[in-house]
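Undergrad: My structure file work-v2.csv, CSV, C-alpha atoms and all ligand atoms, is below:
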chain,number,residue,atom,x,y,z
A,1,MET,CA,-26.4,-3.9,-5.4
A,2,GLY,CA,-23.5,-6.2,-4.4
A,3,LEU,CA,-23.2,-8.7,-1.6
A,4,ALA,CA,-22.6,-7.0,1.7
A,5,LEU,CA,-19.1,-7.2,3.1
A,6,ASN,CA,-20.5,-7.7,6.6
A,7,GLY,CA,-24.1,-8.4,6.1
A,8,THR,CA,-24.8,-7.4,9.7
A,9,GLY,CA,-26.6,-4.2,9.0
A,10,ARG,CA,-24.2,-2.3,11.4
A,11,PRO,CA,-23.9,1.4,10.7
A,12,PRO,CA,-20.9,2.5,8.5
A,13,LEU,CA,-17.6,3.4,10.0
A,14,ARG,CA,-17.4,7.2,10.1
A,15,ILE,CA,-14.2,8.4,8.5
A,16,GLY,CA,-12.2,11.6,9.1
A,17,MET,CA,-9.7,12.0,6.2
A,18,ILE,CA,-6.5,14.0,6.9
A,19,GLY,CA,-4.5,14.9,3.7
A,20,CYS,CA,-6.4,16.2,0.7
A,21,GLY,CA,-3.8,15.9,-2.1
A,22,VAL,CA,-3.5,13.9,-5.3
A,23,ILE,CA,-4.5,10.5,-4.0
A,24,ALA,CA,-7.6,11.8,-2.0
A,25,ALA,CA,-9.6,11.9,-5.2
A,26,GLN,CA,-9.5,8.1,-5.6
A,27,TYR,CA,-10.7,7.6,-2.0
A,28,LEU,CA,-13.5,10.1,-2.5
A,29,ALA,CA,-14.7,8.2,-5.5
A,30,THR,CA,-14.8,5.0,-3.4
A,31,PHE,CA,-16.6,6.7,-0.6
A,32,ASP,CA,-19.3,7.7,-3.0
A,33,VAL,CA,-20.2,4.0,-3.6
A,34,LEU,CA,-19.1,1.9,-0.5
A,35,ALA,CA,-21.7,1.1,2.1
A,36,ASP,CA,-19.4,0.2,5.0
A,37,VAL,CA,-17.7,3.6,5.3
A,38,GLU,CA,-19.0,7.1,5.4
A,39,LEU,CA,-16.8,10.2,5.1
A,40,VAL,CA,-17.9,12.8,7.7
A,41,ALA,CA,-14.9,15.2,8.0
A,42,VAL,CA,-11.7,16.3,6.1
A,43,ALA,CA,-8.6,18.3,7.1
A,44,ASP,CA,-5.3,19.4,5.6
A,45,LEU,CA,-2.4,21.6,6.6
A,46,ASP,CA,-3.7,23.7,3.7
A,47,PRO,CA,-7.3,24.6,4.8
A,48,ALA,CA,-8.3,25.5,1.2
A,49,ARG,CA,-7.7,21.9,0.1
A,50,ALA,CA,-10.0,20.6,2.8
A,51,ALA,CA,-12.6,23.2,2.0
A,52,ALA,CA,-12.5,22.3,-1.7
A,53,VAL,CA,-13.1,18.6,-0.8
A,54,ALA,CA,-16.0,19.3,1.6
A,55,ASP,CA,-17.6,21.8,-0.8
A,56,GLY,CA,-20.7,20.2,-2.3
A,57,ARG,CA,-20.4,17.0,-0.3
A,58,GLU,CA,-23.4,16.6,1.9
A,59,GLY,CA,-22.5,15.7,5.5
A,60,VAL,CA,-18.8,16.3,5.1
A,61,ARG,CA,-17.2,19.1,7.2
A,62,ALA,CA,-13.8,20.8,6.6
A,63,LEU,CA,-12.0,21.0,9.9
A,64,ALA,CA,-8.6,21.9,11.3
A,65,VAL,CA,-6.5,18.8,11.9
A,66,GLU,CA,-6.8,19.2,15.7
A,67,GLU,CA,-10.6,19.6,15.4
A,68,LEU,CA,-11.0,16.5,13.3
A,69,LEU,CA,-9.0,14.5,15.8
A,70,ALA,CA,-11.2,15.7,18.7
A,71,ASP,CA,-14.5,15.2,16.8
A,72,ASP,CA,-17.0,12.8,18.3
A,73,GLN,CA,-18.5,11.9,14.9
A,74,VAL,CA,-15.2,10.5,13.7
A,75,ASP,CA,-14.6,6.8,14.4
A,76,ALA,CA,-11.5,6.3,12.2
A,77,VAL,CA,-8.9,8.5,10.7
A,78,LEU,CA,-7.8,8.0,7.1
A,79,ASN,CA,-4.3,9.3,6.9
A,80,LEU,CA,-3.5,10.5,3.3
A,81,THR,CA,-0.6,12.8,4.3
A,82,ILE,CA,2.9,12.5,3.0
A,83,PRO,CA,5.1,9.6,4.4
A,84,ALA,CA,7.0,11.9,6.8
A,85,ALA,CA,3.8,12.8,8.6
A,86,HIS,CA,2.2,9.3,8.6
A,87,ALA,CA,3.4,8.2,12.1
A,88,GLU,CA,2.8,11.5,13.8
A,89,ILE,CA,-0.8,11.7,12.5
A,90,ASP,CA,-1.4,8.1,13.4
A,91,LEU,CA,-0.1,8.6,16.9
A,92,ARG,CA,-2.2,11.7,17.5
A,93,ALA,CA,-5.3,9.9,16.1
A,94,ILE,CA,-4.7,6.9,18.4
A,95,ALA,CA,-4.2,9.2,21.4
A,96,ALA,CA,-7.6,10.6,20.6
A,97,GLY,CA,-9.1,7.1,20.6
A,98,LYS,CA,-9.6,6.7,16.9
A,99,HIS,CA,-8.9,3.7,14.7
A,100,VAL,CA,-6.4,4.6,11.9
A,101,TYR,CA,-5.8,3.6,8.3
A,102,SER,CA,-2.7,5.0,6.7
A,103,GLU,CA,-1.5,5.3,3.2
A,104,LYS,CA,1.8,3.6,2.4
A,105,PRO,CA,4.5,3.4,3.4
A,106,PHE,CA,3.3,2.6,6.9
A,107,ALA,CA,5.9,5.0,8.3
A,108,VAL,CA,9.4,6.2,7.4
A,109,THR,CA,11.5,4.4,10.0
A,110,THR,CA,10.9,0.9,11.4
A,111,GLU,CA,11.0,2.3,14.9
A,112,GLU,CA,8.2,4.9,14.4
A,113,GLY,CA,6.1,2.2,12.7
A,114,ARG,CA,6.6,0.0,15.7
A,115,ALA,CA,5.6,2.8,18.0
A,116,VAL,CA,2.3,3.2,16.1
A,117,LEU,CA,1.4,-0.4,16.6
A,118,GLU,CA,2.3,-0.4,20.2
A,119,ALA,CA,0.3,2.7,20.9
A,120,ALA,CA,-2.7,1.2,19.1
A,121,GLU,CA,-2.4,-2.0,21.1
A,122,ARG,CA,-2.4,-0.1,24.3
A,123,ALA,CA,-5.4,2.0,23.2
A,124,GLY,CA,-7.3,-1.0,21.9
A,125,VAL,CA,-7.9,0.5,18.4
A,126,GLN,CA,-7.5,-1.0,14.9
A,127,VAL,CA,-4.7,0.0,12.6
A,128,GLY,CA,-4.9,-0.5,8.9
A,129,SER,CA,-2.3,0.1,6.2
A,130,ALA,CA,-2.4,0.6,2.4
A,131,PRO,CA,-1.9,-0.8,-0.2
A,132,ASP,CA,-5.3,-2.5,-0.5
A,133,THR,CA,-4.8,-3.1,-4.2
A,134,VAL,CA,-3.6,-6.6,-3.3
A,135,LEU,CA,-7.2,-7.4,-2.1
A,136,GLY,CA,-8.5,-7.1,-5.7
A,137,THR,CA,-9.0,-9.8,-8.2
A,138,GLY,CA,-5.5,-9.6,-9.7
A,139,THR,CA,-3.3,-10.5,-6.7
A,140,GLN,CA,-6.0,-12.6,-5.1
A,141,THR,CA,-6.6,-14.8,-8.2
A,142,GLY,CA,-2.8,-15.4,-8.2
A,143,ARG,CA,-3.1,-16.3,-4.5
A,144,ALA,CA,-5.9,-18.7,-5.2
A,145,ALA,CA,-3.9,-20.4,-8.0
A,146,ILE,CA,-0.9,-20.9,-5.7
A,147,ASP,CA,-3.2,-22.3,-2.9
A,148,ASP,CA,-4.8,-24.6,-5.4
A,149,GLY,CA,-1.4,-26.0,-6.4
A,150,VAL,CA,-1.6,-24.8,-10.0
A,151,ILE,CA,2.2,-24.2,-10.1
A,152,GLY,CA,3.2,-27.0,-7.6
A,153,THR,CA,5.5,-25.9,-4.8
A,154,PRO,CA,6.6,-22.2,-5.2
A,155,VAL,CA,10.4,-21.9,-5.4
A,156,ALA,CA,11.2,-18.3,-6.4
A,157,ALA,CA,9.6,-15.0,-7.5
A,158,MET,CA,10.6,-11.9,-9.4
A,159,ALA,CA,9.0,-8.5,-8.8
A,160,THR,CA,9.9,-5.7,-11.1
A,161,MET,CA,8.8,-2.0,-11.2
A,162,VAL,CA,10.7,0.5,-13.3
A,163,THR,CA,9.8,4.1,-14.2
A,164,PRO,CA,11.9,7.2,-15.1
A,165,GLY,CA,10.4,8.9,-12.1
A,166,HIS,CA,7.1,10.4,-10.7
A,167,GLU,CA,8.4,14.0,-10.9
A,168,ARG,CA,7.4,13.8,-14.6
A,169,TRP,CA,3.6,13.8,-13.6
A,170,HIS,CA,3.2,14.7,-9.9
A,171,PRO,CA,2.9,18.4,-9.2
A,172,GLN,CA,4.5,18.2,-5.8
A,173,PRO,CA,6.9,15.3,-6.0
A,174,ASP,CA,9.4,16.3,-3.3
A,175,TYR,CA,8.4,13.5,-1.0
A,176,TYR,CA,9.3,10.8,-3.6
A,177,TYR,CA,12.9,11.9,-3.4
A,178,ALA,CA,13.2,12.3,0.4
A,179,PRO,CA,13.6,9.6,3.1
A,180,GLY,CA,10.3,7.7,3.1
A,181,GLY,CA,10.2,7.9,-0.7
A,182,GLY,CA,12.4,6.5,-3.5
A,183,PRO,CA,11.2,3.6,-5.6
A,184,LEU,CA,11.5,1.2,-2.7
A,185,LEU,CA,9.4,2.9,0.0
A,186,ASP,CA,7.0,4.4,-2.6
A,187,MET,CA,6.3,1.5,-4.9
A,188,GLY,CA,7.9,-1.4,-2.9
A,189,PRO,CA,4.8,-1.6,-0.6
A,190,TYR,CA,2.6,-2.8,-3.6
A,191,TYR,CA,5.1,-5.5,-4.6
A,192,ILE,CA,6.1,-6.7,-1.1
A,193,HIS,CA,2.5,-6.7,0.2
A,194,ALA,CA,1.7,-8.8,-2.9
A,195,LEU,CA,4.7,-11.1,-2.3
A,196,VAL,CA,3.7,-11.6,1.3
A,197,THR,CA,0.1,-12.2,0.3
A,198,LEU,CA,1.2,-14.8,-2.3
A,199,LEU,CA,4.1,-16.4,-0.6
A,200,GLY,CA,4.0,-15.5,3.1
A,201,PRO,CA,6.2,-13.4,5.4
A,202,VAL,CA,9.9,-12.6,5.0
A,203,ARG,CA,12.7,-13.6,7.4
A,204,ALA,CA,15.8,-12.0,5.9
A,205,VAL,CA,16.9,-9.7,3.1
A,206,ILE,CA,19.9,-8.8,1.0
A,207,GLY,CA,20.0,-5.5,-0.8
A,208,ALA,CA,21.9,-3.2,-3.2
A,209,SER,CA,21.1,0.3,-4.3
A,210,SER,CA,22.3,3.4,-6.2
A,211,ARG,CA,21.5,7.1,-6.7
A,212,GLN,CA,22.8,8.5,-10.0
A,213,ARG,CA,21.4,12.1,-10.0
A,214,PRO,CA,21.6,14.7,-7.2
A,215,GLU,CA,18.4,16.4,-8.4
A,216,ARG,CA,15.2,16.0,-10.5
A,217,THR,CA,13.1,18.5,-12.4
A,218,ILE,CA,9.3,18.8,-11.8
A,219,GLY,CA,7.5,18.1,-15.0
A,220,SER,CA,3.9,19.4,-14.3
A,221,GLY,CA,1.8,21.9,-12.4
A,222,PRO,CA,2.7,25.4,-11.1
A,223,ARG,CA,6.2,24.4,-10.1
A,224,ALA,CA,7.1,22.8,-13.5
A,225,GLY,CA,10.8,23.3,-14.3
A,226,GLU,CA,11.8,23.6,-10.7
A,227,ALA,CA,14.7,21.4,-9.5
A,228,ILE,CA,14.3,19.3,-6.3
A,229,PRO,CA,17.0,17.6,-4.4
A,230,VAL,CA,17.4,13.8,-4.3
A,231,SER,CA,18.2,12.5,-0.8
A,232,THR,CA,17.2,8.8,-1.2
A,233,ASP,CA,18.4,5.9,-3.4
A,234,THR,CA,16.6,5.7,-6.7
A,235,HIS,CA,17.4,2.2,-7.9
A,236,VAL,CA,17.0,-0.6,-5.3
A,237,THR,CA,17.4,-4.3,-5.9
A,238,GLY,CA,17.8,-7.4,-3.7
A,239,VAL,CA,16.5,-10.7,-2.5
A,240,LEU,CA,13.8,-11.5,0.1
A,241,VAL,CA,14.1,-14.8,1.9
A,242,HIS,CA,10.6,-15.9,2.8
A,243,ASP,CA,9.9,-18.0,5.9
A,244,SER,CA,8.9,-20.8,3.5
A,245,GLY,CA,12.4,-20.7,1.9
A,246,VAL,CA,11.1,-19.1,-1.4
A,247,LEU,CA,13.5,-16.5,-2.7
A,248,SER,CA,12.0,-13.3,-4.2
A,249,THR,CA,14.1,-11.0,-6.4
A,250,LEU,CA,13.0,-7.4,-6.3
A,251,VAL,CA,13.9,-4.6,-8.7
A,252,MET,CA,12.5,-1.1,-7.9
A,253,SER,CA,13.7,1.8,-10.0
A,254,PHE,CA,13.1,5.5,-10.7
A,255,ASP,CA,16.1,5.2,-13.1
A,256,ALA,CA,14.8,3.1,-16.0
A,257,VAL,CA,12.5,3.8,-18.9
A,258,ALA,CA,10.7,0.5,-19.6
A,259,THR,CA,10.7,-3.3,-19.2
A,260,THR,CA,9.0,-6.2,-20.9
A,261,ILE,CA,8.9,-8.5,-17.7
A,262,HIS,CA,5.6,-9.2,-15.9
A,263,PRO,CA,5.3,-7.1,-12.8
A,264,ILE,CA,5.4,-10.3,-10.7
A,265,GLU,CA,6.3,-13.8,-11.7
A,266,ILE,CA,6.1,-16.8,-9.4
A,267,HIS,CA,8.1,-19.9,-10.3
A,268,GLY,CA,7.0,-23.3,-9.0
A,269,THR,CA,7.9,-26.9,-9.5
A,270,ASP,CA,5.0,-27.4,-12.0
A,271,GLY,CA,4.6,-24.0,-13.6
A,272,THR,CA,5.2,-20.2,-13.7
A,273,LEU,CA,2.5,-17.8,-12.7
A,274,ALA,CA,2.4,-14.2,-14.1
A,275,VAL,CA,0.6,-11.9,-11.7
A,276,PRO,CA,-0.6,-8.4,-12.7
A,277,ASP,CA,0.6,-5.0,-11.5
A,278,PRO,CA,0.0,-4.9,-7.7
A,279,ASN,CA,-0.6,-1.1,-8.0
A,280,ARG,CA,-3.9,-2.1,-9.7
A,281,PHE,CA,-6.8,-4.1,-8.3
A,282,ASP,CA,-7.5,-6.2,-11.4
A,283,GLY,CA,-5.7,-7.6,-14.4
A,284,ASP,CA,-5.1,-11.0,-15.9
A,285,VAL,CA,-3.3,-13.8,-14.1
A,286,SER,CA,-1.6,-16.3,-16.5
A,287,VAL,CA,0.0,-19.6,-16.0
A,288,HIS,CA,2.6,-21.4,-18.1
A,289,ARG,CA,2.4,-25.1,-17.0
A,290,LEU,CA,5.4,-27.4,-17.0
A,291,GLY,CA,5.2,-29.3,-20.4
A,292,GLY,CA,2.6,-26.8,-21.7
A,293,ASP,CA,3.1,-24.8,-24.8
A,294,GLY,CA,2.2,-21.3,-23.8
A,295,TRP,CA,0.5,-18.9,-21.4
A,296,GLU,CA,-3.1,-19.5,-20.3
A,297,VAL,CA,-5.2,-16.8,-18.7
A,298,LEU,CA,-6.9,-18.0,-15.5
A,299,PRO,CA,-10.5,-16.9,-14.7
A,300,ALA,CA,-10.8,-14.5,-11.7
A,301,SER,CA,-11.2,-16.8,-8.7
A,302,GLY,CA,-10.5,-14.5,-5.7
A,303,GLY,CA,-10.6,-10.9,-4.5
A,304,TYR,CA,-13.0,-7.9,-4.2
A,305,VAL,CA,-14.5,-7.3,-7.7
A,306,ALA,CA,-14.3,-3.9,-9.2
A,307,ALA,CA,-12.6,-2.6,-6.1
A,308,SER,CA,-10.9,0.8,-5.7
A,309,ARG,CA,-8.7,2.6,-3.1
A,310,GLY,CA,-10.5,2.4,0.3
A,311,ILE,CA,-11.6,-1.2,0.1
A,312,GLY,CA,-9.0,-2.0,2.7
A,313,LEU,CA,-10.7,0.5,5.1
A,314,ALA,CA,-14.1,-1.1,4.3
A,315,ASP,CA,-12.6,-4.5,5.0
A,316,MET,CA,-11.4,-3.1,8.4
A,317,ALA,CA,-14.9,-1.7,9.0
A,318,ALA,CA,-16.5,-5.0,8.3
A,319,ARG,CA,-14.0,-7.4,9.9
A,320,GLY,CA,-12.5,-5.4,12.8
A,321,GLU,CA,-9.3,-7.1,14.1
A,322,ARG,CA,-9.5,-9.7,11.3
A,323,LEU,CA,-8.8,-6.9,8.8
A,324,ARG,CA,-6.5,-7.9,5.9
A,325,ALA,CA,-4.8,-4.7,5.0
A,326,SER,CA,-3.4,-4.6,8.6
A,327,GLY,CA,-0.9,-2.3,10.3
A,328,GLU,CA,0.9,-5.4,11.3
A,329,LEU,CA,1.5,-6.3,7.6
A,330,GLY,CA,2.3,-2.6,6.8
A,331,GLN,CA,4.9,-2.7,9.6
A,332,HIS,CA,6.4,-6.0,8.4
A,333,VAL,CA,6.8,-4.6,4.9
A,334,LEU,CA,8.3,-1.4,6.2
A,335,GLU,CA,10.9,-3.4,8.2
A,336,VAL,CA,11.7,-5.4,5.1
A,337,MET,CA,12.2,-2.3,3.0
A,338,ASN,CA,14.4,-0.5,5.6
A,339,ALA,CA,16.4,-3.7,6.1
A,340,MET,CA,17.0,-3.8,2.3
A,341,LEU,CA,18.4,-0.3,2.5
A,342,THR,CA,20.5,-1.2,5.5
A,343,SER,CA,21.8,-4.3,3.7
A,344,ALA,CA,22.6,-2.2,0.6
A,345,HIS,CA,24.7,0.3,2.6
A,346,ASP,CA,26.4,-2.3,5.0
A,347,GLY,CA,26.8,-5.1,2.5
A,348,HIS,CA,25.3,-7.7,4.9
A,349,ARG,CA,22.3,-10.0,4.9
A,350,VAL,CA,19.8,-8.5,7.5
A,351,ALA,CA,17.3,-10.6,9.6
A,352,ILE,CA,13.7,-9.5,9.9
A,353,ASP,CA,12.4,-9.3,13.5
A,354,SER,CA,8.7,-8.6,12.9
A,355,SER,CA,6.6,-11.6,12.3
A,356,SER,CA,3.5,-11.2,10.2
A,357,ARG,CA,0.9,-13.7,9.1
A,358,ARG,CA,0.1,-14.3,5.5
A,359,PRO,CA,-3.2,-12.3,5.4
A,360,GLU,CA,-6.4,-14.4,5.0
A,361,ALA,CA,-7.3,-14.9,1.3
A,362,VAL,CA,-10.3,-12.9,-0.1
A,363,PRO,CA,-12.9,-15.1,-1.8
A,364,LEU,CA,-14.3,-13.7,-5.0
A,365,THR,CA,-16.6,-11.0,-3.5
A,366,GLU,CA,-18.8,-8.2,-4.8
A,367,VAL,CA,-18.3,-5.2,-2.6
A,368,ALA,CA,-21.2,-3.7,-0.6
A,369,VAL,CA,-22.4,-0.6,-2.4
A,370,ARG,CA,-24.8,2.1,-1.3
A,371,ALA,CA,-28.4,1.4,-2.2
B,401,LIG,N1,-0.2,10.2,-5.7
B,401,LIG,C1,-0.4,9.0,-5.9
B,401,LIG,O1,-0.6,8.5,-7.1
B,401,LIG,C2,-0.4,8.0,-4.8
B,401,LIG,C3,-0.9,6.7,-5.0
B,401,LIG,C4,-1.0,5.8,-4.0
B,401,LIG,C5,-0.6,6.2,-2.7
B,401,LIG,N2,-0.1,7.5,-2.5
B,401,LIG,C6,0.3,7.8,-1.1
B,401,LIG,O2,-0.7,8.7,-0.6
B,401,LIG,C7,0.0,9.7,0.3
B,401,LIG,C8,-0.3,11.1,-0.2
B,401,LIG,O3,0.2,11.2,-1.5
B,401,LIG,P1,-0.3,12.4,-2.4
B,401,LIG,O4,0.3,12.1,-3.7
B,401,LIG,O5,-1.8,12.5,-2.3
B,401,LIG,O6,0.5,13.6,-1.8
B,401,LIG,P2,0.1,15.1,-1.9
B,401,LIG,O7,1.4,15.9,-1.6
B,401,LIG,O8,-0.5,15.4,-3.2
B,401,LIG,O9,-1.0,15.4,-0.7
B,401,LIG,C9,-0.6,15.2,0.6
B,401,LIG,C10,-1.5,16.2,1.4
B,401,LIG,O10,-1.3,16.0,2.8
B,401,LIG,C11,-1.2,17.3,3.4
B,401,LIG,N3,-0.4,17.2,4.6
B,401,LIG,C12,0.9,16.9,4.7
B,401,LIG,N4,1.3,16.8,5.9
B,401,LIG,C13,0.2,17.0,6.7
B,401,LIG,C14,0.0,17.1,8.1
B,401,LIG,N5,0.9,16.9,9.0
B,401,LIG,N6,-1.3,17.3,8.5
B,401,LIG,C15,-2.3,17.5,7.6
B,401,LIG,N7,-2.1,17.5,6.3
B,401,LIG,C16,-0.9,17.3,5.8
B,401,LIG,C17,-0.6,18.2,2.3
B,401,LIG,O11,-0.9,19.6,2.6
B,401,LIG,C18,-1.2,17.7,1.1
B,401,LIG,O12,-2.5,18.3,0.8
B,401,LIG,C19,1.5,9.3,0.3
B,401,LIG,O13,1.7,8.5,1.4
B,401,LIG,C20,1.6,8.5,-1.0
B,401,LIG,O14,2.6,7.5,-0.9
B,401,LIG,C21,-0.1,8.4,-3.5
Spell out the structure here as structure tokens.
Ligand SMILES: NC(=O)c1ccc[n+]([C@@H]2O[C@H](COP(=O)([O-])OP(=O)(O)OC[C@H]3O[C@@H](n4cnc5c(N)ncnc54)[C@H](O)[C@@H]3O)[C@@H](O)[C@H]2O)c1
TA:
Amino acid sequence: MGLALNGTGRPPLRIGMIGCGVIAAQYLATFDVLADVELVAVADLDPARAAAVADGREGVRALAVEELLADDQVDAVLNLTIPAAHAEIDLRAIAAGKHVYSEKPFAVTTEEGRAVLEAAERAGVQVGSAPDTVLGTGTQTGRAAIDDGVIGTPVAAMATMVTPGHERWHPQPDYYYAPGGGPLLDMGPYYIHALVTLLGPVRAVIGASSRQRPERTIGSGPRAGEAIPVSTDTHVTGVLVHDSGVLSTLVMSFDAVATTIHPIEIHGTDGTLAVPDPNRFDGDVSVHRLGGDGWEVLPASGGYVAASRGIGLADMAARGERLRASGELGQHVLEVMNAMLTSAHDGHRVAIDSSSRRPEAVPLTEVAVRA
């Protein structure tokens, strides 16, 4: 049994999960082991999906969305719906007095994301936002190395994600090619949450983007072979200007086959740090020191060990308003992403209004598991 996240012996946060699609399986596996959260109800627009999740899970009820939101046993709503529904479900949950934790992106438009935070503030409830992968040992060991001065003063970073497209494997990939999707809003949260964790908040962005194909073809599941329309940019690149003056170059693409570059590289005055895929919790962090003769793998020195999706919700359960995967951070990253698209279309540098703190580092921590 691991070290408790809270150590207070308080009862677990009771979770109602809305959205029982592809990613739900990873959260369910986490709920099976974590001690700080307990799944009590599930709902989906498609009742059969909710019933299939509840089936065989003791203490978990399949409800209609409205019933779940009104349920006294639910303390917090885990929102695993598609991006276009994130803000609406969050707002309804907040209106019902529930804490909320949403999958990424935090919302589709910056305005609706802001409305969620304002409603939560008025209601006095917590808001969390994925991704929580950056709370794992990969990104957090990179963070510890920077804080320990391993690369001197950070100057610049590069964050790169390329794939030929999620329609090749996801059975209902429509949302990836609609507003709220695309490589930036879908995968950008991992990379930008990591960059803010590593280097602090962003004050301005410059972007450029393209969209080469008007439709994509579904590659798996019952709809395999069906063409779906593309209504968002599929290659997005640009520069983030951090408050610290560090410049991060971002490349997010659903239009490229492969790359040899590290997912994230941080260049400092005394060395370069290679940080692993922020869509994963773990992975090696390497440093190439100034004057050194190669890459050296650093031992894990920060982050939740062997974590999986849902650890951000457990962190919220244990730490309350000191949660790390916060809605405030999700909203900052959403604003950064939408500002990149605005800049790409207008051709101007765009200032970022929202301020966010660099989230508190995670010391190397075993997660609290059920006895
Ligand atoms: N698929 C992945 O690998 C992955 C990984 C990380 C994060 N995510 C994020 O998780 C979220 C869900 O992705 P997914 O791949 O599981 O999608 P999905 O389409 O497989 O599942 C979404 C589910 O939400 C339900 N839903 C949609 N709108 C709803 C509403 N208004 N009320 C109730 N239920 C509603 C749908 O019926 C569906 O069952 C997205 O925000 C996505 O970005 C997905």
Undergrad: May I ask you to write as a list in words all residues lying at most 7 Å from ligand LIG 401 (chain B), with all atoms listed in the file counted?
TA: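 After applying the 7 Å limit, what remains is Ile18, Gly19, Cys20, Gly21, Val22, Ile23, Ala24, Ala43, Asp44, Leu45, Asp46, Arg49, Val65, Leu80, Thr81, Ile82, Pro83, Ala85, Ile89, Glu103, Lys104, Pro105, Gln172 and Asp186 of chain A.
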Undergrad: Kindly provide the residues of region 197-222 of chain A that approach region 237-261 of chain A to within 7 Å, each paired with its closest atom pair and their distance in Å to one decimal, based on only C-alpha atoms, listed by chain and increasing number, as a Markdown table.
TA:
| residue | atom | partner | partner_atom | distance |
| --- | --- | --- | --- | --- |
| A:Gly200 | CA | A:His242 | CA | 6.6 |
| A:Pro201 | CA | A:His242 | CA | 5.7 |
| A:Val202 | CA | A:His242 | CA | 4.0 |
| A:Arg203 | CA | A:Asp243 | CA | 5.4 |
| A:Ala204 | CA | A:Val241 | CA | 5.2 |
| A:Val205 | CA | A:Leu240 | CA | 4.7 |
| A:Ile206 | CA | A:Val239 | CA | 5.2 |
| A:Gly207 | CA | A:Gly238 | CA | 4.1 |
| A:Ala208 | CA | A:Thr237 | CA | 5.4 |
| A:Ser209 | CA | A:Thr237 | CA | 6.1 |
Undergrad: Here is a test: counting all atoms listed in the file, which residue of A:Gly16, A:Pro47, A:Gly303, A:Gly320 is nearest to Asn79 (chain A)?
TA: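 Checking each candidate against Asn79 (chain A), we get A:Gly16 as the closest.
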Undergrad: From the set A:Arg114, A:Arg309, A:Arg14, A:His193, which residue has the shortest atom-to-atom contact distance to Val74 (chain A), counting only C-alpha atoms?
TA: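 Selected residue with least distance to Val74 (chain A): A:Arg14.
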Undergrad: Quote the spacing between CA of Ala227 (chain A) and CA of Ser210 (chain A) in Å to one decimal place.
TA: 19.8 Å
Undergrad: Considering all atoms listed in the file, state which residue in the set A:Ala300, A:Ile352, A:Ala371, A:Val127 is at the smallest distance from Gly312 (chain A).
TA: A:Val127
Undergrad: Could you tell me how far CA of Met17 (chain A) sits from CA of Val230 (chain A), in Å to one decimal place?
TA: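 Straight-line distance from CA of Val230 (chain A) to CA of Met17 (chain A) works out to 29.1 Å.
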Undergrad: For a cut-off of 9 Å around (4.1, -21.0, -18.2), file coordinates, pick out all residues using only C-alpha atoms and list them as a PDB file with C-alpha atoms, in the coordinates of the input.
TA:
ATOM      1  CA  ILE A 151       2.200 -24.200 -10.100  1.00  0.00           C
ATOM      2  CA  HIS A 267       8.100 -19.900 -10.300  1.00  0.00           C
ATOM      3  CA  ASP A 270       5.000 -27.400 -12.000  1.00  0.00           C
ATOM      4  CA  GLY A 271       4.600 -24.000 -13.600  1.00  0.00           C
ATOM      5  CA  THR A 272       5.200 -20.200 -13.700  1.00  0.00           C
ATOM      6  CA  LEU A 273       2.500 -17.800 -12.700  1.00  0.00           C
ATOM      7  CA  ALA A 274       2.400 -14.200 -14.100  1.00  0.00           C
ATOM      8  CA  SER A 286      -1.600 -16.300 -16.500  1.00  0.00           C
ATOM      9  CA  VAL A 287       0.000 -19.600 -16.000  1.00  0.00           C
ATOM     10  CA  HIS A 288       2.600 -21.400 -18.100  1.00  0.00           C
ATOM     11  CA  ARG A 289       2.400 -25.100 -17.000  1.00  0.00           C
ATOM     12  CA  LEU A 290       5.400 -27.400 -17.000  1.00  0.00           C
ATOM     13  CA  GLY A 291       5.200 -29.300 -20.400  1.00  0.00           C
ATOM     14  CA  GLY A 292       2.600 -26.800 -21.700  1.00  0.00           C
ATOM     15  CA  ASP A 293       3.100 -24.800 -24.800  1.00  0.00           C
ATOM     16  CA  GLY A 294       2.200 -21.300 -23.800  1.00  0.00           C
ATOM     17  CA  TRP A 295       0.500 -18.900 -21.400  1.00  0.00           C
ATOM     18  CA  GLU A 296      -3.100 -19.500 -20.300  1.00  0.00           C
TER      19      GLU A 296
END
